[in-house]
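To start, the structure itself, in structure tokens.
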Amino acid sequence: MRRWWGGRGGRWTRRTLLATTLVIVVTLAAAGVALRAQYAGAPGEDTRTRGRDAYWLGHAWVDGRKNDKDLDAFAAKLRGSGIKDLFVHTGPLDHDGTLPATRYPTARWLVEGVHRRLPDVRVQAWLGDQLASEGPVGMRLDNPATRTAVVTTARQVLDGARFDGVHFDLEPLPSGDRNYLALLDSLHALTKPRGAVLSVAAHQIDPLPALHSAAESLTGHGKWWAQAYFGQVARRVDQIAVMSYDTAMPVQSLYGGYVARQAALALQVTPKQTDLLMGLPFYDDESMSHHGSAETVEAAVRGTRLGLARTDRHRQHFGVALYVDFAERDEDWAAYRKGWGTPRS
């Protein structure tokens, strides 16, 4: 996830970002031919939305800036699409795992309003924070009291605001972090009896074996997860969304091929009953890690469909996740609807 947690940091330093980007570009340049090949072919008409897509929404929906008129227009837009889940930014969490209810005063209004207008759509509390995994500032998952507080916060938003689930985005998260797995086990023990969804945003998977280890050694930043670790996380949740953007790919064919590869790797280790979502870049920033001309919705959708077609064509617990509503352009939504389609009746 591109970091915007209430302006409290979370941005990489320029040096770290440059080093990480160079590792990505140099390493994947050697695999450029393979990535282009991943983007070739016809995915087939059966590789379209299963009606299990998601949409990341900004904090304006729960802090009073949005009203009924906004919600009416938003609901009209979503009707007929494949959107099943809304990840609504409800944090940021404090570093100790707590979350004052004053940060989301209109959450109950939103949940009830969506349910009235779109009865089949679930509204999840998107809870994020910066982890102290690469520096002294941030949340420490190795602290049992912090993990307990995060579970308490999840109970607070589920029981208080009546969200249908909790969606966690905790970054940067090193591959193999056992404290994160312990947190997910505790969270699932809370959500499962309530019939609530436990959802997470996930790092990309190593496109080459052990690339995460090399990147961490060179830059101190964990860009990727090992495929096996991705599978460990996926087995502990109901829904997992790959943040398949900010890849530093320079052209659409390489980016689309990269997304196809990510989809295939994730499908191989995600349980059939777990919703697997591939992130679509609904923004157009230009930086060392993101080239808007390359990371298009069209390329991401095509890559997603190709990865699905080659790996698990008939899988139903699969979709895309749109990031993010406040940066979206009209052409992003149009490309999603045209490329990914509408649910079959």
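Ordered as shown in the structure tokens, chains take letters A, B, and onward, while each chain numbers its residues from 1 and ligands are numbered from 1 in the order shown.
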
Env of A:Gln124: 7 Å cut, atoms = only C-alpha atoms, seq-sep filter 6 positions within chain, self excluded. Answer as a CSV table (one decimal) with C-alpha atoms, in the first residue's frame.
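Done, and the output landed in out33.csv:
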```
chain,number,residue,atom,x,y,z
A,86,LEU,CA,-15.3,-2.1,0.6
A,87,PHE,CA,-12.0,-1.5,2.6
A,88,VAL,CA,-12.7,1.8,4.4
A,163,PHE,CA,-18.3,-3.4,10.3
A,164,ASP,CA,-18.6,-6.7,8.4
A,165,GLY,CA,-14.9,-7.4,8.7
A,166,VAL,CA,-11.4,-6.0,9.4
A,167,HIS,CA,-8.8,-5.5,6.7
```

DSSP on the backbone, then: every residue of stretch 214-328 of chain A marked strand (DSSP E), written as a ChimeraX atom specification.
/A:224-225,239-242,275-281,318-323

Using only C-alpha atoms, which residues sit within 7 Å of stretch 228-238 of chain A once same-chain residues fewer than 5 positions away are excluded, as a list of chain:residue names?
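Neighbouring residues, sequence-local ones excluded: A:Ser175, A:Gly176, A:Leu181, A:Leu184, A:Asp185, A:His188, A:Val197, A:Leu198, A:Ser199, A:Val269, A:Thr270, A:Pro271, A:Thr274, A:Asp275.
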
Applying 6 Å and only C-alpha atoms, which residues near stretch 63-77 of chain A remain after dropping the ones on its own chain fewer than 6 positions away? List them as a ChimeraX atom specification.
/A:104-106

Might you pull out every residue within 9 Å of A:Ala327, with only C-alpha atoms counted and same-chain residues fewer than 6 positions away left off, and present them as a PyMOL selection string?
chain A and resi 282-284

Could you save those same residues with C-alpha atoms as a PDB file, in the first residue's frame?
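part_2.pdb was written with the following content:
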```pdb
ATOM      1  CA  PHE A 282      -6.299   3.473  -9.534  1.00  0.00           C
ATOM      2  CA  TYR A 283      -3.797   6.352  -9.367  1.00  0.00           C
ATOM      3  CA  ASP A 284      -1.298   8.010 -11.667  1.00  0.00           C
TER       4      ASP A 284
END
```

Counting only C-alpha atoms, figure out which residue out of A:Gly51, A:Gly80, A:Pro250, A:Pro281 gets nearest to A:Glu328.
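Using only C-alpha atoms, A:Glu328 sits closest to A:Pro281.
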
Using only C-alpha atoms, find the one residue out of A:Thr49, A:Asp177, A:Gly32, A:Leu57 that sits nearest to A:Val301.
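Of all the options, A:Thr49 lies closest to A:Val301.
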